[in-house]
Protein chains: 2
Amino acid sequence: MDFPITRIKGGVGAPRGFRTAAISCGIKNPALTRLDLGLIVSDEPCTSAGTFTTNRVKAAPVRLCQAHLRKGNLRAIIANSGNANACTGVTGISDARAMADGVAKPLGLKRTEIGVCSTGVIGLPMPMARIEPKYGELIDTLGSKKGTDFAKAIITSDTHHKELAISFDLGGHRVRLGGCVKGAGMICPSMATMLCFITTDANCPKESLQKAALEAVEESFNRITIDGDMSTNDTVLVLANGASGMPPMRRNGPRCRQFREALGWLMLELAKMIVRDGERVTKFVTVKVKGAKTYQDAKKVAEAVCKSQLVKASWNGGDPNWGRVIHAVGYSRARIREELIDILYDGVPACLGGLQADAPMNKLRDIAARDAFEIEIHLNQGKADYEMYSSDLSPEYIDFNRSEYAYWKQARKDGLV
Amino acid sequence: MDFPITRIKGGVGAPRGFRTAAISCGIKNPALTRLDLGLIVSDEPCTSAGTFTTNRVKAAPVRLCQAHLRKGNLRAIIANSGNANACTGVTGISDARAMADGVAKPLGLKRTEIGVCSTGVIGLPMPMARIEPKYGELIDTLGSKKGTDFAKAIITSDTHHKELAISFDLGGHRVRLGGCVKGAGMICPSMATMLCFITTDANCPKESLQKAALEAVEESFNRITIDGDMSTNDTVLVLANGASGMPPMRRNGPRCRQFREALGWLMLELAKMIVRDGERVTKFVTVKVKGAKTYQDAKKVAEAVCKSQLVKASWNGGDPNWGRVIHAVGYSRARIREELIDILYDGVPACLGGLQADAPMNKLRDIAARDAFEIEIHLNQGKADYEMYSSDLSPEYIDFNRSEYAYWKQARKDGLV
């Protein structure tokens, strides 16, 4: 960025005029008191934007959020973890609606001003009997310093909560931008990926906010992959309440562009946090594709490399295996010429002109053993570039994802299915 | 098939008029005497057909085979394991050509009558110094009962060799069809996958043979996936020498159709052998998609499900996790309607109309615990079906594929790179 930003404390609670809350309803497990229901509310009306999973199997809250955003602007978001409310049919829709109603009335808002997000197991009905008695407690907990609690309430298999906030000068006014994300599995580039909530006290017209959100998602969450699986619930929601006191920014004006840049930066940082916290991940790998004929070609190459199980397994092993990288380049369907391809690990050539390069193997080995490294793939065919962020694939990931059966068995015992 | 076939002993050596050989050159490891160079020769001229990887990074022998097939018919095939001769530039091409020359002269054939196939590590030059002194020994070893040795000479990470032969009546003449395959990793549906060699003493015109081969590959090797990675070397070659004494079959005539059916059956059996022998595989899963709007929709759904890491991890865990199946159906880009989808495990419904079905969980759990089971996905939108064969993804697969570094280090020591 070509303007200074300051990191500030907190996440979604950091911008002015937002209050947040988080409580435990026993959605994840009735016996344990983990935070699993959260709320964000703006004191003033907001403009709002959202991007959603492109999976054709969409969770009920995704459908509800989309409908509410079409009708107008959100001013509050209720989110839960432990149950995705996906593949739950008409009951799922009415449960999501009930969650919106449950907080709308006491907050004095319309149902369509409430965004609803859920994440967790697919196919299990929402345990509404545990949620419904808790709306009062949730609202009573609202405060200006609970952003971190909210971030904790939305995580599932994440090892820790993920949040970030910044402030910067926008045309003479100090504005704040805060966000939190959850997601550690089912991460794959396509539209919005996982749950992400962004709040800001900047004053941004709805149309500009939606455009900025789409662009920022394309440059951040659509560029990360852990396991190539796209979820049914992926959602990014942005609320802008203007509480900084700045006048509305002009569409496509300089302040609008600056805001877009800051939003993009924040989302990219949050996206990278997701990769680093990927399920049983040990490496953070940046894949830079350069010199493709077109943007689409560059993107295809990056995605093929970042999704290849064999490439990811070699990352796990700390193996500078450029042969697997080039084979993924080959099947990416991008226009490539084998004899022009160079592959570098942190700047050290492993492959030049499609052939094994001369670099000492120990040097390459040392690079691939690092916790984070960068692979540059020069196609030498044009000027288009694309960058992606990915992780290794570990035996532990598979082990971790082998079975949710015990969970389901418990759910049956609890009379939930 | 609606006509009787008889399984007979052997593989590529079973049809009349073919001789095969296999020796050890130390390509895999100079210190160990594993079979790694094989030869198939027909006593008479053949018609021949081939299908090849669609990976744009193609190994040198793939390019050579394609060129030879364009010029005419193959009559012999030399194949090695231990080195893929891929990403080896112009040296690779001249090495592949030298391998063809090496056997063409003593056999009294033209270079273009020789098919060359290699499989193994990518990016390492062929150890020609170990291969070239051995052509004489290879040819001296030729015999009518060495088909199994040939099948052994082409395997790499396979746990065992894979071959099959059948005989059947074709318009009053007994004909034989034999084949062998190798492949246990880098298996993904696309054109020809892995190495497969088929011989037959049927009398089939080149054009019909090519058509039959393409159709058979589409219904067999293109329908299996272990890890979704497409190799640089995948090749299927079919040689037909007419030694059964039958008159040439008429194009698209009944004998031609019958032959095509038998070829398809043989390839499908060989393809299934590959899945069962997949790297560290514990399950064989048949995915049947039914009632799609179009063939392409059905195929997209089957491929998405069979390639999903999360679905494959759940298979490894013996978990009847229909939620992961339906989420892969959703992101397949096929036209689907969530509320119409039924998912059955060996005939027992796990999901009906997009919702959790009533079946006892123990029953589903018992099915998913089997070594082999079938998942039916009814889209209930049309009449198109598609069937695929896949495996689970195990922690041991990742562990097995973590590093080839030791191999490379040895290669450096041996002065190969």
# chains A, B, ... in the order shown; residues from 1 in each chain; ligands from 1
call {"tool": "calpha_fit_rmsd", "arguments": {"fixed": "chain B", "moving": "chain A"}}
result
0.0 Å
call {"tool": "select_by_dssp", "arguments": {"residues": "stretch 184-276 of chain A", "states": "helix (DSSP H, G or I)", "output": "VMD selection string"}}
result
chain A and resid 206 to 218 221 to 223 254 to 276
call {"tool": "closest_atom_pairs", "arguments": {"of": "chain A", "to": "chain B", "cutoff": "7 Å", "atoms": "only C-alpha atoms", "output": "CSV"}}
result
residue,atom,partner,partner_atom,distance
A:Asn55,CA,B:Tyr331,CA,4.4
A:Arg56,CA,B:Gly330,CA,4.4
A:Val57,CA,B:Gly330,CA,4.6
A:Cys87,CA,B:Leu355,CA,5.7
A:Thr88,CA,B:Leu355,CA,6.0
A:Gly89,CA,B:Leu355,CA,6.7
A:Ile122,CA,B:Gly323,CA,5.4
A:Gly123,CA,B:Gly323,CA,6.0
A:Asp227,CA,B:Gln309,CA,6.5
A:Asp229,CA,B:Ser308,CA,6.5
A:Met230,CA,B:Tyr331,CA,6.6
A:Ser231,CA,B:His327,CA,6.7
A:Thr232,CA,B:His327,CA,6.3
A:Ser308,CA,B:Asp229,CA,6.5
A:Gln309,CA,B:Asp227,CA,6.6
A:Leu310,CA,B:Asn401,CA,6.7
A:Ala313,CA,B:Arg402,CA,4.9
A:Ser314,CA,B:Arg402,CA,4.5
A:Asn316,CA,B:Arg402,CA,6.0
A:Gly317,CA,B:Arg402,CA,4.2
A:Asp319,CA,B:Ser403,CA,5.3
A:Gly323,CA,B:Ile122,CA,5.4
A:His327,CA,B:Val57,CA,6.2
A:Gly330,CA,B:Arg56,CA,4.4
A:Tyr331,CA,B:Asn55,CA,4.4
A:Glu338,CA,B:Val57,CA,5.8
A:Gly354,CA,B:Cys87,CA,5.8
A:Leu355,CA,B:Cys87,CA,5.7
A:Gln356,CA,B:Gly123,CA,6.2
A:Ser394,CA,B:Ile398,CA,6.3
A:Pro395,CA,B:Pro395,CA,3.9
A:Glu396,CA,B:Pro395,CA,6.5
A:Ile398,CA,B:Pro395,CA,5.4
A:Asp399,CA,B:Pro395,CA,6.0
A:Asn401,CA,B:Ala313,CA,5.8
A:Arg402,CA,B:Gly317,CA,4.2
A:Ser403,CA,B:Gly317,CA,5.3
A:Glu404,CA,B:Asp319,CA,7.0
A:Tyr405,CA,B:Asp319,CA,6.0
call {"tool": "write_last_selection", "arguments": {"atoms": "N, CA and C atoms", "output": "short mmCIF file (atom, residue, chain, number, x, y, z; two decimals), in the first residue's frame"}}
result
data_model
loop_
_atom_site.label_atom_id
_atom_site.label_comp_id
_atom_site.auth_asym_id
_atom_site.auth_seq_id
_atom_site.Cartn_x
_atom_site.Cartn_y
_atom_site.Cartn_z
N ASN A 55 -21.07 -22.92 -4.31
CA ASN A 55 -21.58 -24.29 -4.21
C ASN A 55 -23.10 -24.26 -4.44
N ARG A 56 -23.59 -25.20 -5.27
CA ARG A 56 -25.04 -25.18 -5.54
C ARG A 56 -25.84 -25.75 -4.38
N VAL A 57 -25.14 -26.47 -3.51
CA VAL A 57 -25.78 -26.85 -2.25
C VAL A 57 -25.44 -25.75 -1.25
N CYS A 87 -28.22 -28.56 4.28
CA CYS A 87 -28.95 -29.80 3.98
C CYS A 87 -30.00 -30.05 5.05
N THR A 88 -30.70 -29.00 5.40
CA THR A 88 -31.69 -29.10 6.45
C THR A 88 -33.08 -28.69 5.95
N GLY A 89 -33.18 -28.49 4.62
CA GLY A 89 -34.50 -28.28 4.00
C GLY A 89 -35.25 -27.07 4.49
N ILE A 122 -22.68 -30.64 8.60
CA ILE A 122 -23.71 -30.57 7.57
C ILE A 122 -24.78 -31.64 7.83
N GLY A 123 -26.04 -31.28 7.59
CA GLY A 123 -27.10 -32.29 7.56
C GLY A 123 -27.82 -32.52 8.88
N ASP A 227 -7.47 -27.64 1.08
CA ASP A 227 -7.81 -28.98 0.62
C ASP A 227 -8.64 -29.03 -0.65
N ASP A 229 -11.62 -28.23 -1.21
CA ASP A 229 -13.04 -28.49 -1.04
C ASP A 229 -13.80 -27.22 -0.71
N MET A 230 -14.84 -26.90 -1.50
CA MET A 230 -15.58 -25.67 -1.31
C MET A 230 -16.79 -25.93 -0.42
N SER A 231 -16.96 -25.13 0.58
CA SER A 231 -18.02 -25.36 1.55
C SER A 231 -19.39 -24.93 1.06
N THR A 232 -20.42 -25.36 1.77
CA THR A 232 -21.80 -24.97 1.49
C THR A 232 -22.17 -23.66 2.17
N SER A 308 -2.67 -29.85 -6.27
CA SER A 308 -2.17 -31.20 -6.52
C SER A 308 -1.82 -31.92 -5.22
N GLN A 309 -2.43 -33.06 -5.02
CA GLN A 309 -2.14 -33.84 -3.81
C GLN A 309 -0.67 -34.24 -3.75
N LEU A 310 -0.11 -34.58 -4.92
CA LEU A 310 1.28 -35.02 -4.93
C LEU A 310 2.23 -33.87 -4.64
N ALA A 313 1.88 -33.15 -0.95
CA ALA A 313 2.55 -34.18 -0.14
C ALA A 313 4.06 -33.93 -0.13
N SER A 314 4.61 -33.50 -1.27
CA SER A 314 6.05 -33.24 -1.32
C SER A 314 6.41 -32.03 -0.44
N ASN A 316 4.91 -31.30 2.28
CA ASN A 316 4.89 -31.86 3.64
C ASN A 316 6.22 -32.53 3.97
N GLY A 317 6.80 -33.16 2.95
CA GLY A 317 8.07 -33.86 3.15
C GLY A 317 9.29 -32.95 3.04
N ASP A 319 10.40 -31.62 0.39
CA ASP A 319 11.10 -32.13 -0.79
C ASP A 319 10.99 -31.11 -1.93
N GLY A 323 9.69 -31.72 -10.31
CA GLY A 323 9.06 -32.62 -11.29
C GLY A 323 7.56 -32.68 -11.09
N HIS A 327 4.64 -31.19 -13.64
CA HIS A 327 3.60 -32.08 -14.17
C HIS A 327 2.22 -31.49 -13.90
N GLY A 330 1.60 -28.88 -16.39
CA GLY A 330 1.24 -29.52 -17.66
C GLY A 330 -0.23 -29.87 -17.77
N TYR A 331 -0.83 -30.32 -16.66
CA TYR A 331 -2.24 -30.73 -16.77
C TYR A 331 -3.21 -29.62 -16.40
N GLU A 338 6.69 -26.50 -22.38
CA GLU A 338 7.56 -27.17 -21.42
C GLU A 338 8.98 -26.60 -21.43
N GLY A 354 12.68 -26.08 -18.57
CA GLY A 354 12.06 -27.41 -18.50
C GLY A 354 12.99 -28.51 -18.06
N LEU A 355 14.23 -28.14 -17.76
CA LEU A 355 15.22 -29.16 -17.37
C LEU A 355 15.75 -28.89 -15.97
N GLN A 356 16.20 -29.93 -15.33
CA GLN A 356 16.86 -29.85 -14.02
C GLN A 356 17.95 -28.76 -14.06
N SER A 394 -0.90 -33.10 4.98
CA SER A 394 -0.18 -33.98 5.90
C SER A 394 -0.95 -35.26 6.17
N PRO A 395 -0.25 -36.32 6.53
CA PRO A 395 -0.94 -37.54 6.95
C PRO A 395 -1.92 -37.22 8.08
N GLU A 396 -1.55 -36.27 8.92
CA GLU A 396 -2.42 -35.91 10.04
C GLU A 396 -3.73 -35.27 9.57
N ILE A 398 -5.44 -36.11 6.90
CA ILE A 398 -6.32 -37.22 6.53
C ILE A 398 -6.84 -37.88 7.80
N ASP A 399 -5.95 -38.12 8.71
CA ASP A 399 -6.33 -38.76 9.95
C ASP A 399 -7.39 -37.94 10.68
N ASN A 401 -9.51 -35.97 9.40
CA ASN A 401 -10.78 -35.90 8.67
C ASN A 401 -11.39 -37.26 8.35
N ARG A 402 -10.88 -38.29 8.97
CA ARG A 402 -11.38 -39.61 8.64
C ARG A 402 -12.84 -39.82 9.04
N SER A 403 -13.22 -39.32 10.18
CA SER A 403 -14.56 -39.66 10.63
C SER A 403 -15.21 -38.62 11.52
N GLU A 404 -16.47 -38.34 11.19
CA GLU A 404 -17.31 -37.50 12.04
C GLU A 404 -18.38 -38.38 12.69
N TYR A 405 -18.17 -39.70 12.57
CA TYR A 405 -19.20 -40.64 12.99
C TYR A 405 -19.56 -40.51 14.46
#
call {"tool": "residues_around", "arguments": {"residues": "B:Lys293", "least_positions_apart": "2", "cutoff": "7 Å", "atoms": "only C-alpha atoms", "output": "ChimeraX atom specification"}}
result
/B:291,297,381-384
call {"tool": "write_last_selection", "arguments": {"atoms": "all heavy atoms", "output": "compact mmCIF listing (two decimals), in the first residue's frame"}}
result
# COMPACT_ATOMS: atom_id res chain seq x y z
N GLY B 291 -29.72 -40.28 -13.10
CA GLY B 291 -30.76 -39.27 -13.25
C GLY B 291 -30.26 -37.85 -13.43
O GLY B 291 -30.92 -36.90 -13.03
N ASP B 297 -23.21 -33.59 -17.03
CA ASP B 297 -23.58 -33.29 -15.64
C ASP B 297 -23.28 -34.49 -14.75
O ASP B 297 -22.72 -34.34 -13.66
CB ASP B 297 -25.08 -32.94 -15.55
CG ASP B 297 -25.38 -31.52 -16.02
OD1 ASP B 297 -24.58 -30.62 -15.70
OD2 ASP B 297 -26.39 -31.32 -16.70
N GLN B 381 -33.18 -35.69 -11.99
CA GLN B 381 -33.45 -34.56 -12.89
C GLN B 381 -33.52 -34.96 -14.34
O GLN B 381 -33.87 -34.16 -15.18
CB GLN B 381 -32.33 -33.53 -12.73
CG GLN B 381 -32.31 -32.88 -11.37
CD GLN B 381 -31.86 -31.47 -11.48
OE1 GLN B 381 -30.71 -31.19 -11.75
NE2 GLN B 381 -32.79 -30.55 -11.32
N GLY B 382 -33.11 -36.18 -14.66
CA GLY B 382 -33.11 -36.59 -16.06
C GLY B 382 -32.73 -38.05 -16.18
O GLY B 382 -32.96 -38.82 -15.24
N LYS B 383 -32.13 -38.41 -17.32
CA LYS B 383 -31.90 -39.83 -17.56
C LYS B 383 -30.44 -40.22 -17.73
O LYS B 383 -30.12 -41.37 -18.01
CB LYS B 383 -32.67 -40.24 -18.82
CG LYS B 383 -34.17 -40.22 -18.59
CD LYS B 383 -34.94 -40.71 -19.79
CE LYS B 383 -36.43 -40.79 -19.45
NZ LYS B 383 -37.23 -41.17 -20.62
N ALA B 384 -29.52 -39.27 -17.57
CA ALA B 384 -28.12 -39.58 -17.84
C ALA B 384 -27.44 -40.18 -16.60
O ALA B 384 -27.64 -39.73 -15.48
CB ALA B 384 -27.38 -38.31 -18.27
call {"tool": "atom_distance", "arguments": {"atom1": "atom CA of B:Gly278", "atom2": "atom CA of B:Ala212"}}
result
26.3 Å
call {"tool": "atom_distance", "arguments": {"atom1": "atom CA of B:Gly172", "atom2": "atom CA of B:Ala216"}}
result
23.6 Å
call {"tool": "closest_residue", "arguments": {"among": "B:Pro4, B:Gly11, B:Pro127, B:Gly178", "to": "B:Lys152", "atoms": "only C-alpha atoms"}}
result
B:Gly11
call {"tool": "closest_residue", "arguments": {"among": "B:Tyr295, B:Glu113, B:Gly50, B:Val181", "to": "B:Glu215", "atoms": "only C-alpha atoms"}}
result
B:Gly50
call {"tool": "select_by_dssp", "arguments": {"residues": "stretch 243-406 of chain B", "states": "strand (DSSP E)", "output": "number ranges by chain"}}
result
B: 284-292, 342-345, 348-352, 355-356, 372-378, 384-391
call {"tool": "closest_residue", "arguments": {"among": "A:Thr225, A:Ala240, A:Ile5, A:His161", "to": "A:Val285", "atoms": "only C-alpha atoms"}}
result
A:Thr225
call {"tool": "residues_around", "arguments": {"residues": "A:Leu107", "least_positions_apart": "3", "cutoff": "9 Å", "atoms": "only C-alpha atoms", "output": "ChimeraX atom specification"}}
result
/A:41,103-104,110,139
call {"tool": "residues_around", "arguments": {"residues": "B:Pro247", "least_positions_apart": "3", "cutoff": "12 Å", "atoms": "only C-alpha atoms", "output": "JSON, numbers by chain"}}
result
{"B": [170, 171, 172, 173, 174, 175, 201, 202, 203, 204, 205, 241, 242, 243, 244, 250, 255, 256]}
call {"tool": "write_last_selection", "arguments": {"atoms": "C-alpha atoms", "output": "tab-separated table (two decimals), in the first residue's frame"}}
result
chain	number	residue	atom	x	y	z
B	170	LEU	CA	-15.45	-64.12	-33.05
B	171	GLY	CA	-17.49	-65.18	-36.07
B	172	GLY	CA	-16.38	-68.82	-35.75
B	173	HIS	CA	-12.73	-68.11	-34.92
B	174	ARG	CA	-11.24	-68.31	-31.46
B	175	VAL	CA	-9.40	-65.07	-30.68
B	201	ASP	CA	-4.55	-62.10	-32.38
B	202	ALA	CA	-7.82	-60.74	-33.75
B	203	ASN	CA	-7.70	-59.23	-37.22
B	204	CYS	CA	-8.83	-55.61	-36.83
B	205	PRO	CA	-8.32	-52.74	-39.31
B	241	ASN	CA	-1.68	-59.16	-35.40
B	242	GLY	CA	-4.48	-61.34	-36.81
B	243	ALA	CA	-2.56	-64.54	-35.91
B	244	SER	CA	-5.83	-66.22	-34.90
B	250	ARG	CA	-15.66	-55.37	-41.28
B	255	ARG	CA	-17.68	-58.79	-35.15
B	256	CYS	CA	-16.19	-55.35	-34.80
call {"tool": "residues_around", "arguments": {"residues": "A:Ser208", "least_positions_apart": "4", "cutoff": "10 Å", "atoms": "only C-alpha atoms", "output": "ChimeraX atom specification"}}
result
/A:47-49,204,212-214,249-252,256-257,259-260
